[in-house]
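**Q** Once you've had a glance at the structure underneath, I'll fire off some questions.
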Amino acid sequence: MCLRILDKLLVTCLLAAPALAALAQSTQSPPILGVLRLPEVFGNGPCDRFTPREIPVFRTHGARYPYATIGVASPWIFPAEGGCEGLRVVLRRDGSASEGVSLPAAEFGYEKPGAIVLQHRSNWYEIAVPDGTGWVRVPDQPAKSEPVRFISVGQLASMFRDSCGQDRSAKAASVRPRLGPDGRPTQWFSTRGC
């Protein structure tokens, strides 16, 4: 039974954060292209013990100097009863030591958040930030042992459809994303079940 529950949790790990749904429904927001993995601030999965590194954020792609950074304001806490809690990723302006503002994020897997991508050029990605957008630069090619950084909406839809399997296709069809002619999702994933 536990394996079946775990299987469902792992199988159903795709997009559906409230921030993403709100952004996708907005008539003023650009189309969402996908999700960007940021292991420097989110780690490589739930409860991952990692050493956070700040990510510079630029006003435009190709800019020389960042105007802000993305960093960890509160790291994971590992209570004695097990599990983890408390990871908080924020945007801080101009090297400020302030608390920062929480970074909008969307899950691309069970408890695996990433930045919401609105545009990209080469290895530059425009992401949603608390008051608009900013650009981050990621390495050109990930190492063979690292997963791909950018996961497009189409790839997420395919992953979701494949993971739900044939016997659940009717239910999966009701929750995988459908894109309108403008590229905006008209319906989003469920991260909690097929």
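By convention here, the chains of the structure tokens are called A, B, ... in the order presented, each chain's residues are numbered starting at 1, and ligands are numbered starting at 1 in the order presented.
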Residues at most 9 Å from Thr60 in chain A, counting only C-alpha atoms, excluding those fewer than 6 positions away in the same chain, as a ChimeraX atom specification?

**A** /A:126,134-136

**Q** Kindly export the residues of the current selection with C-alpha atoms, as a PDB file, in the first residue's frame.

**A**
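Dumped to part12.pdb:
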ATOM      1  CA  GLU A 126      13.199  35.853 -18.132  1.00  0.00           C
ATOM      2  CA  GLY A 134      13.980  39.690 -14.279  1.00  0.00           C
ATOM      3  CA  TRP A 135      16.594  37.788 -16.274  1.00  0.00           C
ATOM      4  CA  VAL A 136      18.870  35.022 -14.981  1.00  0.00           C
TER       5      VAL A 136
END

**Q** Leaving out Ile77 in chain A and any residue of its chain fewer than 3 positions from it, which residues lie within 7 Å of it when counting only C-alpha atoms, given as a PDB file with C-alpha atoms, in the first residue's frame?

**A**
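Produced file result10.pdb, reproduced below:
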ATOM      1  CA  CYS A  84      11.646  19.094   6.692  1.00  0.00           C
ATOM      2  CA  GLU A  85      10.109  22.540   6.593  1.00  0.00           C
ATOM      3  CA  GLY A  86      10.827  26.209   6.253  1.00  0.00           C
TER       4      GLY A  86
END

**Q** Using only C-alpha atoms, which protein or nucleic acid residues come within 7 Å of Gly114 in chain A? Drop anything in the same chain fewer than 2 positions from it, and give the result as a PyMOL selection string.

**A** chain A and resi 35-38+105-108+112+116

**Q** So which residues touch Glu40 in chain A within 12 Å, counting only C-alpha atoms, skipping near sequence neighbours fewer than 3 positions away, as a VMD selection string?

**A** chain A and resid 36 to 37 43 to 45 48 to 56 69 to 72 75 89 113 to 115 138 149

**Q** Would you export the selected residues with C-alpha atoms as a CSV table (one decimal), in the first residue's frame, please?

**A**
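Now in result.csv:
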chain,number,residue,atom,x,y,z
A,36,LEU,CA,13.5,26.7,-14.6
A,37,ARG,CA,15.1,24.4,-12.1
A,43,GLY,CA,18.1,22.1,-3.9
A,44,ASN,CA,17.5,19.0,-6.0
A,45,GLY,CA,14.3,17.8,-4.3
A,48,ASP,CA,17.6,18.1,0.0
A,49,ARG,CA,20.6,19.1,2.2
A,50,PHE,CA,22.4,21.5,0.0
A,51,THR,CA,24.7,24.6,0.2
A,52,PRO,CA,22.7,27.5,-1.2
A,53,ARG,CA,24.3,30.0,-3.6
A,54,GLU,CA,22.9,33.3,-4.7
A,55,ILE,CA,21.8,33.8,-8.3
A,56,PRO,CA,22.2,37.3,-9.9
A,69,THR,CA,19.8,38.4,-6.3
A,70,ILE,CA,17.8,35.3,-5.6
A,71,GLY,CA,18.8,33.6,-2.4
A,72,VAL,CA,17.7,31.5,0.6
A,75,PRO,CA,17.0,27.2,5.0
A,89,VAL,CA,13.6,31.6,-1.4
A,113,PRO,CA,9.7,24.2,-7.2
A,114,GLY,CA,11.3,26.2,-10.0
A,115,ALA,CA,11.2,29.7,-11.4
A,138,VAL,CA,22.3,29.5,-16.4
A,149,ARG,CA,17.4,23.2,-16.3
